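Shown next: work.cif, given as mmCIF, C-alpha atoms.
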```cif
data_protein
loop_
_atom_site.label_atom_id
_atom_site.label_comp_id
_atom_site.auth_asym_id
_atom_site.auth_seq_id
_atom_site.Cartn_x
_atom_site.Cartn_y
_atom_site.Cartn_z
CA MET A 1 10.43 -6.37 -20.28
CA TYR A 2 7.23 -4.43 -20.64
CA LYS A 3 6.67 -1.23 -18.67
CA GLY A 4 4.61 -1.49 -15.50
CA ILE A 5 5.77 -4.86 -14.19
CA GLY A 6 7.03 -3.21 -11.01
CA LYS A 7 3.60 -2.49 -9.54
CA LYS A 8 2.51 -6.02 -10.28
CA ILE A 9 5.62 -7.48 -8.61
CA LYS A 10 5.05 -5.23 -5.57
CA ASN A 11 1.44 -6.38 -5.30
CA LEU A 12 2.44 -10.06 -5.51
CA ARG A 13 5.12 -9.47 -2.84
CA LEU A 14 2.60 -7.80 -0.51
CA LYS A 15 0.09 -10.60 -1.09
CA LYS A 16 2.81 -13.07 -0.05
CA GLY A 17 3.47 -10.97 3.07
CA LEU A 18 7.12 -10.41 2.17
CA THR A 19 9.19 -7.29 2.73
CA GLN A 20 11.51 -6.07 -0.03
CA GLU A 21 14.39 -7.30 2.10
CA GLU A 22 12.89 -10.81 2.43
CA LEU A 23 12.24 -11.03 -1.31
CA GLY A 24 15.81 -9.85 -1.92
CA GLU A 25 17.24 -12.50 0.39
CA ARG A 26 15.29 -15.27 -1.36
CA THR A 27 16.39 -14.11 -4.81
CA ASP A 28 19.96 -12.99 -3.96
CA LEU A 29 19.05 -9.38 -4.81
CA THR A 30 19.41 -6.27 -2.70
CA LYS A 31 16.45 -4.51 -1.10
CA GLY A 32 17.41 -1.40 -3.11
CA TYR A 33 17.28 -3.29 -6.41
CA ILE A 34 13.87 -4.79 -5.53
CA SER A 35 12.68 -1.23 -4.77
CA GLN A 36 13.97 -0.01 -8.15
CA ILE A 37 12.18 -2.86 -9.97
CA GLU A 38 8.92 -2.16 -8.11
CA ARG A 39 9.09 1.53 -9.07
CA ASP A 40 9.91 0.66 -12.72
CA LEU A 41 13.27 2.42 -12.41
CA SER A 42 15.11 -0.76 -13.36
CA SER A 43 14.22 -3.80 -15.46
CA PRO A 44 15.38 -7.23 -14.29
CA SER A 45 16.95 -9.72 -16.65
CA ILE A 46 14.68 -12.57 -17.76
CA GLU A 47 16.53 -14.93 -15.40
CA THR A 48 16.09 -12.54 -12.45
CA PHE A 49 12.43 -11.93 -13.37
CA PHE A 50 11.71 -15.68 -13.42
CA SER A 51 13.51 -16.08 -10.09
CA ILE A 52 11.33 -13.34 -8.53
CA LEU A 53 8.14 -14.92 -9.93
CA GLU A 54 9.16 -18.32 -8.58
CA VAL A 55 9.59 -16.93 -5.05
CA LEU A 56 6.26 -15.09 -5.37
CA GLY A 57 4.49 -18.29 -6.50
CA CYS A 58 3.39 -16.95 -9.88
CA SER A 59 4.02 -18.41 -13.33
CA PRO A 60 4.98 -16.08 -16.19
CA LYS A 61 1.71 -17.00 -17.92
CA GLU A 62 -0.34 -15.96 -14.86
CA PHE A 63 1.73 -12.78 -14.54
CA PHE A 64 1.10 -11.62 -18.11
CA ASN A 65 -2.44 -12.99 -18.36
CA ASP A 66 -4.13 -9.63 -17.57
CA LEU A 67 -6.19 -9.26 -20.68
CA GLU A 68 -8.24 -12.44 -20.40
CA HIS A 69 -9.70 -11.57 -16.98
CA GLU A 70 -13.21 -10.22 -16.63
CA GLN A 71 -13.51 -7.14 -14.46
CA LYS A 72 -14.08 -8.00 -10.82
CA VAL A 73 -16.54 -5.72 -9.07
CA VAL A 74 -17.15 -7.22 -5.60
CA TYR A 75 -14.28 -8.14 -3.29
CA ASP A 76 -14.72 -10.28 -0.17
CA ASN A 77 -12.50 -10.96 2.86
CA GLU A 78 -10.54 -13.61 0.93
CA ASP A 79 -9.36 -10.94 -1.55
CA GLN A 80 -8.10 -8.61 1.15
CA THR A 81 -4.54 -8.50 2.44
CA GLU A 82 -3.13 -6.85 5.50
CA PHE A 83 0.11 -5.55 6.89
CA ILE A 84 0.87 -4.87 10.55
CA ASP A 85 3.62 -2.52 11.77
CA GLU A 86 3.93 -3.30 15.46
CA GLU A 87 6.66 -0.70 15.99
CA LEU A 88 4.53 2.24 14.79
CA GLY A 89 1.28 0.62 15.98
CA TYR A 90 -0.79 0.43 12.82
CA GLN A 91 -2.46 -2.11 10.56
CA ILE A 92 -3.37 -1.64 6.90
CA GLN A 93 -6.08 -3.77 5.32
CA TRP A 94 -6.05 -3.51 1.51
CA LEU A 95 -9.69 -3.87 0.49
CA VAL A 96 -9.08 -4.35 -3.24
CA PRO A 97 -6.14 -6.42 -4.54
CA GLU A 98 -3.85 -4.61 -6.97
CA SER A 99 -5.60 -1.32 -6.10
CA ASN A 100 -2.19 0.35 -6.10
CA GLU A 101 -2.34 -0.07 -9.90
CA ASN A 102 -5.64 1.84 -10.05
CA ASP A 103 -6.45 5.54 -9.70
CA MET A 104 -7.64 5.00 -6.12
CA GLU A 105 -6.37 2.76 -3.35
CA PRO A 106 -8.92 2.05 -0.59
CA ILE A 107 -7.71 0.71 2.75
CA ILE A 108 -8.88 0.33 6.34
CA LEU A 109 -6.26 1.87 8.62
CA THR A 110 -6.35 0.77 12.26
CA LEU A 111 -4.23 2.68 14.76
CA GLU A 112 -3.41 1.24 18.17
CA PRO A 113 -3.35 3.57 21.21
CA ASN A 114 -0.37 5.94 20.62
CA GLY A 115 -0.08 4.45 17.10
CA LYS A 116 0.81 6.43 14.02
CA PHE A 117 0.89 5.73 10.30
CA LYS A 118 4.26 6.16 8.62
CA GLU A 119 5.18 9.71 7.57
CA PHE A 120 4.88 10.43 3.85
CA GLU A 121 6.77 12.87 1.65
CA PRO A 122 4.88 15.44 -0.44
CA SER A 123 3.35 13.96 -3.61
CA LEU A 124 0.66 14.52 -6.22
CA SER A 125 -1.69 12.32 -4.24
CA GLU A 126 -5.05 13.31 -2.81
CA THR A 127 -6.23 11.56 0.34
CA PHE A 128 -9.76 11.03 1.63
CA ALA A 129 -10.50 9.37 4.95
CA TYR A 130 -13.62 8.73 7.00
CA VAL A 131 -13.07 8.12 10.72
CA LEU A 132 -15.01 4.98 11.64
CA GLN A 133 -13.88 4.80 15.28
CA GLY A 134 -11.86 6.93 17.70
CA GLN A 135 -10.13 10.22 16.88
CA VAL A 136 -7.09 11.03 14.77
CA ALA A 137 -4.71 13.91 14.24
CA VAL A 138 -3.55 14.68 10.72
CA LYS A 139 -0.15 16.34 10.56
CA LEU A 140 0.05 18.21 7.24
CA GLY A 141 3.25 20.22 6.98
CA LYS A 142 3.49 22.23 10.20
CA LYS A 143 -0.26 22.18 10.89
CA MET A 144 -2.33 19.66 12.86
CA TYR A 145 -5.96 18.84 12.12
CA PHE A 146 -8.24 16.67 14.25
CA ALA A 147 -11.14 14.42 13.21
CA ARG A 148 -13.27 12.04 15.28
CA ALA A 149 -15.66 9.19 14.45
CA GLY A 150 -18.20 10.29 11.86
CA GLU A 151 -16.02 13.04 10.38
CA ALA A 152 -14.31 13.08 6.99
CA ILE A 153 -10.78 14.16 6.06
CA TYR A 154 -9.64 15.33 2.62
CA PHE A 155 -6.28 16.81 1.67
CA HIS A 156 -3.78 17.24 -1.14
CA ALA A 157 -0.48 15.64 -0.14
CA SER A 158 1.48 18.81 -0.98
CA HIS A 159 3.40 18.67 2.31
CA GLU A 160 4.89 15.95 4.48
CA HIS A 161 1.96 14.25 6.18
CA GLN A 162 1.12 11.67 8.80
CA ILE A 163 -1.99 10.31 10.53
CA ILE A 164 -1.70 9.79 14.29
CA ASN A 165 -4.08 8.20 16.79
CA ASP A 166 -5.36 10.96 19.08
CA PHE A 167 -7.53 8.66 21.20
CA ASP A 168 -7.05 6.50 24.30
CA GLY A 169 -8.32 3.43 22.45
CA ILE A 170 -8.12 2.12 18.90
CA SER A 171 -8.92 4.45 16.00
CA LYS A 172 -10.05 3.14 12.63
CA LEU A 173 -10.40 4.91 9.26
CA LEU A 174 -11.53 4.10 5.77
CA LEU A 175 -8.83 5.79 3.70
CA VAL A 176 -8.64 6.26 -0.08
CA ALA A 177 -5.54 7.68 -1.75
CA THR A 178 -4.92 8.58 -5.37
CA GLU A 179 -1.52 8.25 -7.08
CA SER A 180 -0.99 5.41 -4.64
CA TYR A 181 1.83 5.92 -2.20
CA LEU A 182 0.70 3.46 0.46
#
```
Structure re-expressed in structure tokens:
Amino acid sequence: MYKGIGKKIKNLRLKKGLTQEELGERTDLTKGYISQIERDLSSPSIETFFSILEVLGCSPKEFFNDLEHEQKVVYDNEDQTEFIDEELGYQIQWLVPESNENDMEPIILTLEPNGKFKEFEPSLSETFAYVLQGQVAVKLGKKMYFARAGEAIYFHASHEHQIINDFDGISKLLLVATESYL
């Protein structure tokens, strides 16, 4: 298997709206093994790889057919995918497909009242956000920072971090992360 298939498998899974657990159930693999494949820590056998592609609705030819595609510059609503976490009260809208394979990953993050984005471990990532609506708190290590509509946020992810809605209504941000961890 060639290096880097994990990110592509993850992107296909997200496009299909499947969790790692759901993909694992449909391929008789564990969630942990799917996670290892997606992070390129483990390479599946050819049989397992084909089984994963079948569940994700992608032929091997389509999967490896990167080089023949012309660069896409404009992305419309049809290209975008979203994920909703009702428990934490947030929605992610990926604006550019496969952006997690690029240097930057742009998303729209919508936080419900009392909603919060998942907490992230320290990483090499840099994060930029522009608050489109509402007000948010950014927990970075032990410190809290606040930004409201019209203000920008920029930080190095050198500490545990989390974005929390600090508004009575919905808050919405345009967020761009490097070294994608979303």
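Taking only C-alpha atoms into account, Asp40 in chain A lies nearest to A:Gly4 out of the set A:Phe128, A:Gly4, A:Val176, A:Glu151.
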Evaluating the PyMOL selection byres ((chain A and resi 163-171) around 10) on the displayed file yields which residues, as a compact mmCIF listing (two decimals) with C-alpha atoms, in the coordinates of the input?
```txt
# COMPACT_ATOMS: atom_id res chain seq x y z
CA LEU A 88 4.53 2.24 14.79
CA GLY A 89 1.28 0.62 15.98
CA TYR A 90 -0.79 0.43 12.82
CA LEU A 109 -6.26 1.87 8.62
CA THR A 110 -6.35 0.77 12.26
CA LEU A 111 -4.23 2.68 14.76
CA GLU A 112 -3.41 1.24 18.17
CA PRO A 113 -3.35 3.57 21.21
CA ASN A 114 -0.37 5.94 20.62
CA GLY A 115 -0.08 4.45 17.10
CA LYS A 116 0.81 6.43 14.02
CA PHE A 117 0.89 5.73 10.30
CA LYS A 118 4.26 6.16 8.62
CA GLU A 119 5.18 9.71 7.57
CA PHE A 120 4.88 10.43 3.85
CA VAL A 131 -13.07 8.12 10.72
CA LEU A 132 -15.01 4.98 11.64
CA GLN A 133 -13.88 4.80 15.28
CA GLY A 134 -11.86 6.93 17.70
CA GLN A 135 -10.13 10.22 16.88
CA VAL A 136 -7.09 11.03 14.77
CA ALA A 137 -4.71 13.91 14.24
CA VAL A 138 -3.55 14.68 10.72
CA LYS A 139 -0.15 16.34 10.56
CA LEU A 140 0.05 18.21 7.24
CA MET A 144 -2.33 19.66 12.86
CA TYR A 145 -5.96 18.84 12.12
CA PHE A 146 -8.24 16.67 14.25
CA ALA A 147 -11.14 14.42 13.21
CA ARG A 148 -13.27 12.04 15.28
CA ALA A 149 -15.66 9.19 14.45
CA HIS A 161 1.96 14.25 6.18
CA GLN A 162 1.12 11.67 8.80
CA LYS A 172 -10.05 3.14 12.63
CA LEU A 173 -10.40 4.91 9.26
```
**Study point:** Within-12 Å shell of (16.6, -20.6, -3.2) in input frame, only C-alpha atoms, as a ChimeraX atom specification
**Key:** /A:22-29,51-52,54-56
Produce a table with one row for each residue of range 60-103 of chain A that has an atom at most 12 Å from any atom of range 46-50 of chain A, each row naming the nearest atom pair and its distance in Å at one decimal; use only C-alpha atoms; arrange rows by chain and rising residue number; format as JSON lines.
```
{"residue": "A:Pro60", "atom": "CA", "partner": "A:Phe50", "partner_atom": "CA", "distance": 7.3}
{"residue": "A:Lys61", "atom": "CA", "partner": "A:Phe50", "partner_atom": "CA", "distance": 11.0}
{"residue": "A:Phe63", "atom": "CA", "partner": "A:Phe50", "partner_atom": "CA", "distance": 10.5}
```
Point to revise | Ref. answer, residues at most 8 Å from (7.6, -3.8, -2.5) with all atoms listed in the file, as JSON, numbers by chain | key: {"A": [9, 10, 11, 13, 14, 19, 20, 34, 35, 38]}
Draw an axis-aligned box over all listed atoms of range 144-162 of chain A, pad each side with 3 Å, and write its centre and edge lengths in Å, one decimal, as JSON.
```
{"center_x": -6.7, "center_y": 14.4, "center_z": 7.1, "size_x": 29.1, "size_y": 16.5, "size_z": 22.4}
```
Review point. So how many Å separate CA of Ile5 in chain A and CA of Ala129 in chain A, to one decimal?
Key: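 Atom-to-atom, CA of Ile5 in chain A to CA of Ala129 in chain A, that is 28.9 Å.
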Check your understanding: Between A:Ser43, A:Leu12, A:Leu18, A:Ile108, which is the closest to Lys31 in chain A once you count only C-alpha atoms?
Key ->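 Closest residue, counting only C-alpha atoms: A:Leu18.
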Report as an mmCIF file with C-alpha atoms, in the coordinates of the input the full result of the PyMOL selection byres ((chain A and resi 123) around 8) when it is applied to this structure.
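The result, stored in part23.cif:
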```
data_model
loop_
_atom_site.group_PDB
_atom_site.id
_atom_site.type_symbol
_atom_site.label_atom_id
_atom_site.label_comp_id
_atom_site.auth_asym_id
_atom_site.auth_seq_id
_atom_site.Cartn_x
_atom_site.Cartn_y
_atom_site.Cartn_z
ATOM 1 C CA GLU A 121 6.770 12.870 1.650
ATOM 2 C CA PRO A 122 4.880 15.440 -0.440
ATOM 3 C CA LEU A 124 0.660 14.520 -6.220
ATOM 4 C CA SER A 125 -1.690 12.320 -4.240
ATOM 5 C CA ALA A 157 -0.480 15.640 -0.140
ATOM 6 C CA SER A 158 1.480 18.810 -0.980
ATOM 7 C CA HIS A 159 3.400 18.670 2.310
#
```
Exercise for review: Would you write out, as an MDAnalysis selection string, every residue that the PyMOL selection byres ((chain A and resi 98) around 9) captures in this file?
Suggested key: chainID A and resid 7:8 11:12 94 96:97 99:102 105
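Closest approach to Glu78 in chain A among A:Gly6, A:Phe64, A:Lys15, A:Arg39: A:Lys15, based on only C-alpha atoms.
The space separating CA of Ala177 in chain A from CA of Ile153 in chain A comes to 11.4 Å.
Coordinates place CA of Pro106 in chain A at a distance of 14.0 Å from CA of Phe83 in chain A.
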Point to revise | Pick from A:Gly32, A:Leu95, A:Ser45, A:Glu87, whichever lies nearest to Val74 in chain A using all atoms listed in the file | key: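 The shortest atom-to-atom distance to Val74 in chain A comes from A:Leu95.
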Generate the missing atoms of range 70-81 of chain A up to all heavy atoms and report them as a compact mmCIF listing (two decimals), in the coordinates of the input.
```
# COMPACT_ATOMS: atom_id res chain seq x y z
N GLU A 70 -12.03 -11.07 -16.68
CA GLU A 70 -13.21 -10.22 -16.63
C GLU A 70 -13.07 -9.30 -15.43
O GLU A 70 -12.49 -9.67 -14.42
CB GLU A 70 -14.44 -11.12 -16.46
CG GLU A 70 -15.75 -10.40 -16.56
CD GLU A 70 -16.92 -11.36 -16.48
OE1 GLU A 70 -16.87 -12.42 -17.14
OE2 GLU A 70 -17.86 -11.04 -15.74
N GLN A 71 -13.61 -8.10 -15.55
CA GLN A 71 -13.51 -7.14 -14.46
C GLN A 71 -14.19 -7.68 -13.20
O GLN A 71 -15.32 -8.15 -13.25
CB GLN A 71 -14.17 -5.82 -14.86
CG GLN A 71 -14.16 -4.80 -13.76
CD GLN A 71 -14.80 -3.49 -14.16
OE1 GLN A 71 -15.08 -3.25 -15.32
NE2 GLN A 71 -15.04 -2.64 -13.20
N LYS A 72 -13.50 -7.59 -12.10
CA LYS A 72 -14.08 -8.00 -10.82
C LYS A 72 -14.65 -6.76 -10.16
O LYS A 72 -14.02 -5.71 -10.15
CB LYS A 72 -13.02 -8.64 -9.94
CG LYS A 72 -13.59 -9.17 -8.65
CD LYS A 72 -12.65 -10.11 -7.94
CE LYS A 72 -13.33 -10.61 -6.69
NZ LYS A 72 -12.71 -11.74 -6.12
N VAL A 73 -15.86 -6.87 -9.63
CA VAL A 73 -16.54 -5.72 -9.07
C VAL A 73 -16.70 -5.83 -7.55
O VAL A 73 -16.58 -4.85 -6.84
CB VAL A 73 -17.93 -5.54 -9.75
CG1 VAL A 73 -18.72 -4.40 -9.12
CG2 VAL A 73 -17.75 -5.30 -11.25
N VAL A 74 -16.94 -7.02 -7.03
CA VAL A 74 -17.15 -7.22 -5.60
C VAL A 74 -15.97 -8.01 -5.04
O VAL A 74 -15.57 -9.02 -5.60
CB VAL A 74 -18.48 -7.98 -5.33
CG1 VAL A 74 -18.65 -8.25 -3.84
CG2 VAL A 74 -19.66 -7.19 -5.88
N TYR A 75 -15.43 -7.51 -3.93
CA TYR A 75 -14.28 -8.14 -3.29
C TYR A 75 -14.67 -8.56 -1.87
O TYR A 75 -15.21 -7.76 -1.11
CB TYR A 75 -13.10 -7.16 -3.25
CG TYR A 75 -12.66 -6.74 -4.62
CD1 TYR A 75 -13.24 -5.66 -5.27
CD2 TYR A 75 -11.68 -7.45 -5.29
CE1 TYR A 75 -12.85 -5.29 -6.54
CE2 TYR A 75 -11.28 -7.09 -6.56
CZ TYR A 75 -11.87 -6.01 -7.18
OH TYR A 75 -11.47 -5.66 -8.45
N ASP A 76 -14.37 -9.80 -1.52
CA ASP A 76 -14.72 -10.28 -0.17
C ASP A 76 -13.46 -10.36 0.69
O ASP A 76 -12.37 -9.99 0.26
CB ASP A 76 -15.45 -11.62 -0.24
CG ASP A 76 -14.64 -12.72 -0.90
OD1 ASP A 76 -13.39 -12.65 -0.89
OD2 ASP A 76 -15.25 -13.67 -1.42
N ASN A 77 -13.63 -10.87 1.91
CA ASN A 77 -12.50 -10.96 2.86
C ASN A 77 -11.33 -11.75 2.30
O ASN A 77 -10.17 -11.47 2.62
CB ASN A 77 -12.96 -11.59 4.17
CG ASN A 77 -13.83 -10.64 4.97
OD1 ASN A 77 -13.84 -9.45 4.71
ND2 ASN A 77 -14.56 -11.16 5.93
N GLU A 78 -11.61 -12.76 1.49
CA GLU A 78 -10.54 -13.61 0.93
C GLU A 78 -9.61 -12.81 0.00
O GLU A 78 -8.46 -13.16 -0.17
CB GLU A 78 -11.15 -14.78 0.17
CG GLU A 78 -12.11 -15.60 0.98
CD GLU A 78 -11.56 -16.95 1.35
OE1 GLU A 78 -10.75 -17.48 0.60
OE2 GLU A 78 -11.96 -17.46 2.41
N ASP A 79 -10.14 -11.76 -0.61
CA ASP A 79 -9.36 -10.94 -1.55
C ASP A 79 -8.46 -9.95 -0.82
O ASP A 79 -7.52 -9.42 -1.39
CB ASP A 79 -10.30 -10.14 -2.47
CG ASP A 79 -11.13 -11.03 -3.36
OD1 ASP A 79 -10.57 -11.97 -3.95
OD2 ASP A 79 -12.35 -10.79 -3.46
N GLN A 80 -8.79 -9.67 0.42
CA GLN A 80 -8.10 -8.61 1.15
C GLN A 80 -6.78 -9.11 1.75
O GLN A 80 -6.64 -10.27 2.10
CB GLN A 80 -9.02 -8.08 2.26
CG GLN A 80 -10.28 -7.49 1.69
CD GLN A 80 -11.31 -7.13 2.75
OE1 GLN A 80 -11.01 -7.15 3.95
NE2 GLN A 80 -12.50 -6.81 2.32
N THR A 81 -5.82 -8.19 1.81
CA THR A 81 -4.54 -8.50 2.44
C THR A 81 -4.29 -7.46 3.52
O THR A 81 -4.88 -6.38 3.50
CB THR A 81 -3.38 -8.46 1.41
OG1 THR A 81 -3.37 -7.18 0.76
CG2 THR A 81 -3.53 -9.55 0.38
```
